[in-house]
Every structure is written in C-alpha cells, then in structure tokens.
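Step one of this worksheet: look at the structure below.
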Amino acid sequence: MAHAVVGYPSLEVNWQMLEAMEAANVDLVELQLPFSEPIADGPTFVKANQAALHSQTHWEHYFALMSRAARRFSFPILFMGYYNSVFRMGEETFCDRLSHAGARGFIVADLPPEEAVGLNGHGRARGLDPILLMTPTNSPSRLTEIAAQASGFVYCVARKGVTGKRTEISDGVESFLGRCRKATKLPLALGFGIKTEQDVRTIKGLADIAIVGTACLEAWERGGRSGYTEFLSTLSRGRS
Amino acid sequence: MYQDLFDFRQGREGYYGQFGGAYVPEILHETLAELRAAFDEARHDPKFWRQYVEVMSTYSCRPTPITYCDNLTRLLGGAKIFVKREDLNHTGAHKVNNVMGQGLLMRRMGKKRVIAETGAGQHGVATATMAARLGLDCRIYMGEDDIARQRPNVFWMEQLGAEVIAVTDGTRTLKDAINACLRDWVESMSNTHYALGTVCGPHPFPHMVMYFQSIIGREAREQMQKQTGKLPKRVYACVGGGSNASGIFAGFLEDSEVDLVGVEAGGLGISSGKHAARIAGGQGCPGVAQGYKTYFLQDKEGLMNDTHSVAAGLDYIGVGPILAHLHDRGRVRFESATDTEVVEALKLTIRSEGLIPALESSHAFAAACREAPQLSPDDAILINQSGRGDKDIFTVADALGDERWKEFIQGKAAAYESAARKRGTL
C-alpha cells in the first residue's frame, strides 16, 4: 500500500504519483486529508500537511481527487486522516462522501476503537471498511477488542513512534505479527518505517501487505517523477 | 459536585458531558491505562495526598495566603476584594502544584525521564525545577516563536538541567509544543512520563491536573471562611487551558451561592478575530484535537485558528473539558478581557496594592474590577492571582510601553556588541 498527502506538493503532482502507483502495480492506496494537528505523523508528513493546508487544500479538492482517481485507477483507495475532520463533517456525511467518491475504507489515526463504533457502523452500512491499527504495545486482550471492530485488513504498526523513522525488521516485529495473527483472521498490513526493497522482501511471509508512506514522499522530494517511479518499481521487485 | 464530576458512567470514562475522552493513536492506549491505574491507586491512598501537601509546604509556599485588598476595594467602591496568592509559590505560579504532584506519581511509576510542553515558559520552568529536585532527565518542548519571546525562562530551564527543544511546526506556539510532546511520548513511553501542564489532553490528564490544583480551592474556601466568616460571592480566575481556574473552582463547586467566573483572553477584541476567547467570545465550537474533545477555535473544516493574547499563557485554541462542561451546565460563567483592559488592571493593582500579577492573572483582575462596583460592600469577591508578573518583565515592560526600559535594553545590547567587537568575534 502506498500513500499520498493530498495537496502536497500539489494536486497535479498527486495525480502523477497515482499514475506511477498504477504503473508499479501498487495494490492499495491511502489518501491523507491534511489536518493542522497531525499528532501521529513524523516531520516529513507534518511538513506535507502544513504545506497542503497553506496552499488551500479543502475538502472539495480532496474528494474531487479521490473520485477522479477511483474512476481512473484499478487499486482500491482508502481515506486516511484525523478525527476532527470527520467530526466536523459529521460521521454520516463523511461516509456518504467517501462512498460517493469511490473509496473502499478509512483509517482515522487518532480514533480509538471504543470511540469508533458509530462511525464504523455508518461505514459498513455503505460498504466501507474501517481499517484499525494494532500496535506492539497492545495487550492480547486489546488486540482482540480491536479485531472485533476491524474489516478489510488490519494496519499493524511496526514500532513505537510516529511515521517516517526507519524500522529494523527484527524478531520483535515477527512476534508482534504473530500476536496480531492470533487476534484476527483478516489480512495484516505492516507499516511505519518500511523503506526499502529489502524491507518488503523481509516482511513477505510475515505480513500480507507492506505499507510504504514517508519513503515514497521522500523519493519524490529527492528524485521527482522519475525518482518516484523508479523507487516504486524497486519496491515492487521486493514483492516477487 | 466535585466528586460527581469523576463518577464516570461505564463506557464514558474521562467524559464530562459531551467533552473530554482520550483520542490518541492506539500506540498510547496501554500507556494511558498505566497512568490511569497509577493515578487511581495514588488518589485512593490517603497517604499520597498528605505526602503531596507536605512537599508543597516545605518546598513551595503552601498554604499560600489570601490578601485583602483594602485600597483596591475603596477605589472601586463595591465588593471587598480578596486575592489568593498563588504567585508566592516556588517558581512564581500555580504551575508547580501540578508538576510536583505528577513528580510524586512518576516516582510511584518508576519513570526516570519527563517531557513537557510550555507556552510562556512557566510550566517548563516548573517541570525543570521538579526534575532537578527529583533527579530526572527532562526535555521541554517549546514553540520557536515562544522561545524568541521568553528567553529568560529558557535560560532558567537550561540552568536547571533541562534540554529545551524548539518546535518549528505549525504556528510554533503552545499547541505545537503539545503535539511535539505527544510525538515524543509515542516512542519513549516505557521510561518517560509526559507531565502535561494543564487540564487538557486525553483522560486522565484533565482529572489528574484538576486533582492536584484543587489544593488552591480547598485552602481558599477554608481561608475565606476564617478571614471573612463566610464564602465569597464570586470567584474569578483566568482561563487558558484552565488549570488555575479548575483548581480554585474545585473548592467552591458545591456552594451554589458562589458564582464562578472564568476569564478568557479577549486579545485585540472579539470582533478582531485576534483573541483566545473560545467560550466567552462565542466563536469556539466542539471539536477533537490534541487528544480530547472540547470547544476549539477552528474553521468550518476543523482546522485550528491562530489565537492572540498579550498573555502567552492564555494564547491557546482549546479549553479544559471539565470547564467546557461546567459552562454548559451553567455552573461557570465565562467572560473575556481585552489586552488593553488587562494592562490597565495590572497598572491599577501594582499602584494601589503593590501586587504584581502575571499578565495571565491580570485577566481575572480586569473582570473583577469591571464587576466589583456593581456589588454591595457586604459582599466579598476572590481573585486567583495565579502567577507573579515580575518574571514577565520583558513582556510587561513592552505592554506598558516603558521607554526607559527600552533604553536600558538598547544599552545592554550595545555593551554586548562592543565587548564582542573587542574580542574580535564580530
């Protein structure tokens, strides 16, 4: 799964990123709605959120891009963002708009499962999968609670901390994924700090989906469109 | 009523009416559970409160006195004015109450590193002081803009052994420092405690900070009865996040005849949009950010607005969920005072009483001065002087537009420059 912050560096560049994702056979894409207080994000995405807001990226731009992408590309698209955006929009309106735009699910980074019951219900009623996060600090009983709310797949957070910083794929990650497997039959996606072809290769067999977010954006910032395309195809090689 | 606030219904733990909660990334779930457990155990242990009071009476200056302001009362010609002197605490404000309490809790949890956000720098200085006293590693996050405005506090934090990190995200102020702490904590929680400085953030922080700050109100109620033979008619406190207000109001919540007045930053005036009057200004609306639900100053897509106040400690987008709830229940009335009114109230208080309230606390004075003349001389009102203003000398001198101070600073700067030139570094 790949990721883009909508509005950063621009809506036009977002589109080019999506084209590159399609070309690299990316299996899933999360589109982040920028927010002023992104507490789960590291420096790269914090900067991207701010810049996107600074260039006046509003809800209408977000949903317009999502609709266009859902019509044009074959990969499923997920919403990613923070709860205040959902809360201000209204949970039902939010789900309506996502479903009209052709999204398949949503990830809300600061919404704990016990607060998400209503939203998840509204989502499921519209065919949207609520994607929940499991983390290495969760107890087995908490993992079971999370599993009870999850649909589609589970987003497994590879380590403590915010997005972006490199993760060593160690024995700790393997045993964490083992605990997740025990809690749910849904596919497991592993994210946070996955950056290289080798990372993707290493987690093959441990998890079902590799999530690469910050590293994609860094590839664009380093090498522009060609650097980005090249990076995605390298990651793709790690899958096979 | 104080206790009722914390009798949570099952499944609504940490909620005060519609406000509060714990909206944090899942990685923090177990950390907050650990903190809740440690706090619950401590507050049910009668020895813990006694130990806290003991620390505050030997290390800070508790109980802080209540001062009757005879001159101010005569000048305004209405209710008798009393002031709770939180400015006499060690480090110069009520912030130390919360911080020492959380320090004692950290000992029980066995954590060795503390992080904290700070806006004006008061909470940062208090936390650095506690860390020095208890032998903890300490890191303070402070917005880059606030560092530029509050160098003296940064100086003291560093002298106290804390590492001060400049936050360069967002508006580079208090809210961004809170975000930076949350980002540190999601990685460091196994050995680190986040000593949040106010009654905001995810559960259990609002409850815990109000619990420690309630020492102000508990003392004040008893002192007013002793000194005046009755309860005050009104109690005034400034509200940024709301910790000093929550603390003093805690002592009077059950006394329905006592009006509780929270005073927010009116900045350049509500209509200017440059203020931090979330409730009194009528422009805040419910939202979820920084781990909790409350009234935030935000736009229609939920993005946080810029705020403004002459008092850095009140310049904040949200307000404690307990206070938001007490407002909805009609138990706390919210007012605002503009920067201009605040500076006038500060000048009046300095000249007539020799008290130097912090710019934050001066908001409470401004509202009290506005209302006192309408009350009878038989009534007593109580103002919480949450901090002292002499620590704010740079800001206060600017706010008062003192020319001789400006000359002094220019002279100092010139002397540094010429010394540097002589050493050949310029």
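So you can find residues: chains in the structure tokens are A, B, ... in the order shown, residues in each start at 1, and ligands are numbered from 1 in order.
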(message) If the cut-off is 10 Å, can you tell me the residues of chain A near chain B, counting only C-alpha atoms? I'd like them as number ranges by chain.
(response) A: 34-43, 46-47, 49-51, 53, 58-59, 82-89, 108-115, 132-139, 142, 146, 157, 159-163
(message) Could you list, as a ChimeraX atom specification, every residue within 7 Å of stretch 165-173 of chain A, counting only C-alpha atoms and ignoring same-chain residues fewer than 6 positions away?
(response) /A:158-159,193-195
(request) Would you please work out which residue, of B:Asp328, B:Asp45, B:Glu360, B:Asp402, is nearest to B:Gln385 when using only C-alpha atoms? (result) B:Glu360
(message) Which residues are near B:Tyr59? Cut-off 12 Å, only C-alpha atoms, ignore same chain within fewer than 2 positions. Put them as number ranges by chain.
(response) B: 51-57, 61-63, 88-91, 96-97, 100, 129-130, 133-134
Those same residues, written as a PDB file, in the first residue's frame with C-alpha atoms?
ATOM      1  CA  GLN B  51       2.703  13.479  51.214  1.00  0.00           C
ATOM      2  CA  TYR B  52       1.781  15.945  48.447  1.00  0.00           C
ATOM      3  CA  VAL B  53       0.683  18.625  50.922  1.00  0.00           C
ATOM      4  CA  GLU B  54       3.861  18.049  52.910  1.00  0.00           C
ATOM      5  CA  VAL B  55       6.055  18.521  49.825  1.00  0.00           C
ATOM      6  CA  MET B  56       4.174  21.669  48.853  1.00  0.00           C
ATOM      7  CA  SER B  57       4.501  23.186  52.310  1.00  0.00           C
ATOM      8  CA  CYS B  61       4.971  28.040  49.891  1.00  0.00           C
ATOM      9  CA  ARG B  62       1.731  26.322  50.800  1.00  0.00           C
ATOM     10  CA  PRO B  63      -0.708  27.209  52.071  1.00  0.00           C
ATOM     11  CA  LEU B  88       4.002  33.168  46.138  1.00  0.00           C
ATOM     12  CA  ASN B  89       4.639  29.590  45.068  1.00  0.00           C
ATOM     13  CA  HIS B  90       8.156  28.467  44.248  1.00  0.00           C
ATOM     14  CA  THR B  91       8.785  29.307  40.548  1.00  0.00           C
ATOM     15  CA  VAL B  96       4.343  23.950  40.446  1.00  0.00           C
ATOM     16  CA  ASN B  97       1.345  22.359  42.254  1.00  0.00           C
ATOM     17  CA  MET B 100       5.235  18.340  41.949  1.00  0.00           C
ATOM     18  CA  THR B 129      12.652  22.504  38.706  1.00  0.00           C
ATOM     19  CA  MET B 130      10.829  19.327  39.681  1.00  0.00           C
ATOM     20  CA  ARG B 133      14.782  18.191  42.601  1.00  0.00           C
ATOM     21  CA  LEU B 134      13.788  14.572  41.899  1.00  0.00           C
TER      22      LEU B 134
END
(request) Tell me which protein, DNA and RNA residues are within 10 Å of stretch 120-123 of chain A, counting only C-alpha atoms, leaving out same-chain ones fewer than 2 positions away, and put them as a list in words. (result)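 So, after excluding close chain neighbours, the residues are Glu91, Glu92, Thr93, Phe94, Cys95, Asp96, Leu98, Ser99, Arg104, Gly105, Phe106, Pro113, Glu115, Ala116, Val117, Gly118, Ala125, Arg126, Gly127, Leu128, Asp129, Pro130, Ile131, Leu132, Gln149, Ala150 and Ser151 of chain A.
Within 12 Å of A:Ala64, once only C-alpha atoms are used and residues closer than 3 positions along the same chain are dropped, the contacting residues are Val6, Gly7, Leu11, Trp15, Leu31, Thr57, His58, Trp59, Glu60, His61, Ser67, Arg68, Ala69, Ala70, Arg71, Arg97, Leu98, His100, Ala101, Gly102 and Ala103 of chain A.
For B:Gly281, the list of residues within 12 Å, based on only C-alpha atoms and with local chain neighbours fewer than 4 positions off taken out, reads Val263, Glu264, Ala265, Gly266, Gly267, Leu268, Gly269, Ile270, Ser271, Ser272, Gly273, Lys274, His275, Ala276, Ala277, Cys285, Tyr295, Phe296, Leu297, Phe334, Glu335, Ser336, Ala337 and Thr338 of chain B.
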(request) DSSP on the backbone, then: every residue of stretch 68-195 of chain A marked strand (DSSP E or B), written as a ChimeraX atom specification. (result) /A:77-81,105-108,129-130,132-134,154-157,188-191
(request) Within 10 Å of stretch 230-232 of chain B, counting only C-alpha atoms, which residues show up once you throw out same-chain ones fewer than 5 positions away? Write them as a PyMOL selection string, please. (result) chain B and resi 79-82+220-225+252+255+257-260+379-383
Using only C-alpha atoms, please write the residues we just selected to a file, as a PDB file, in the first residue's frame.
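Ended up saving to selection39.pdb:
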ATOM      1  CA  ALA B  79     -17.441  44.349  46.938  1.00  0.00           C
ATOM      2  CA  LYS B  80     -14.494  43.644  49.213  1.00  0.00           C
ATOM      3  CA  ILE B  81     -11.647  42.273  47.125  1.00  0.00           C
ATOM      4  CA  PHE B  82      -9.554  39.322  48.272  1.00  0.00           C
ATOM      5  CA  ALA B 220      -9.102  29.188  49.711  1.00  0.00           C
ATOM      6  CA  ARG B 221     -12.545  28.070  50.917  1.00  0.00           C
ATOM      7  CA  GLU B 222     -11.264  27.473  54.420  1.00  0.00           C
ATOM      8  CA  GLN B 223      -9.272  30.711  54.451  1.00  0.00           C
ATOM      9  CA  MET B 224     -12.220  32.833  53.271  1.00  0.00           C
ATOM     10  CA  GLN B 225     -14.416  31.374  55.989  1.00  0.00           C
ATOM     11  CA  PHE B 252     -16.473  26.040  45.636  1.00  0.00           C
ATOM     12  CA  ASP B 255     -21.522  26.089  47.018  1.00  0.00           C
ATOM     13  CA  GLU B 257     -24.395  30.598  46.007  1.00  0.00           C
ATOM     14  CA  VAL B 258     -20.795  31.255  44.883  1.00  0.00           C
ATOM     15  CA  ASP B 259     -20.550  32.469  41.263  1.00  0.00           C
ATOM     16  CA  LEU B 260     -17.542  31.082  39.447  1.00  0.00           C
ATOM     17  CA  ASP B 379     -20.060  41.028  49.510  1.00  0.00           C
ATOM     18  CA  ALA B 380     -16.577  39.590  49.212  1.00  0.00           C
ATOM     19  CA  ILE B 381     -15.043  38.526  45.930  1.00  0.00           C
ATOM     20  CA  LEU B 382     -11.966  36.380  45.463  1.00  0.00           C
ATOM     21  CA  ILE B 383      -9.440  36.699  42.638  1.00  0.00           C
TER      22      ILE B 383
END
(request) Figure out the distance between atom CA of A:Pro9 and atom CA of A:Asn25, please, to one decimal in Å. (result)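 Computed distance, atom CA of A:Asn25 to atom CA of A:Pro9, equals 22.4 Å.
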(request) Could you tell me how far atom CA of A:Ala210 lies from atom CA of A:Leu119, in Å and to one decimal? (result) 25.9 Å
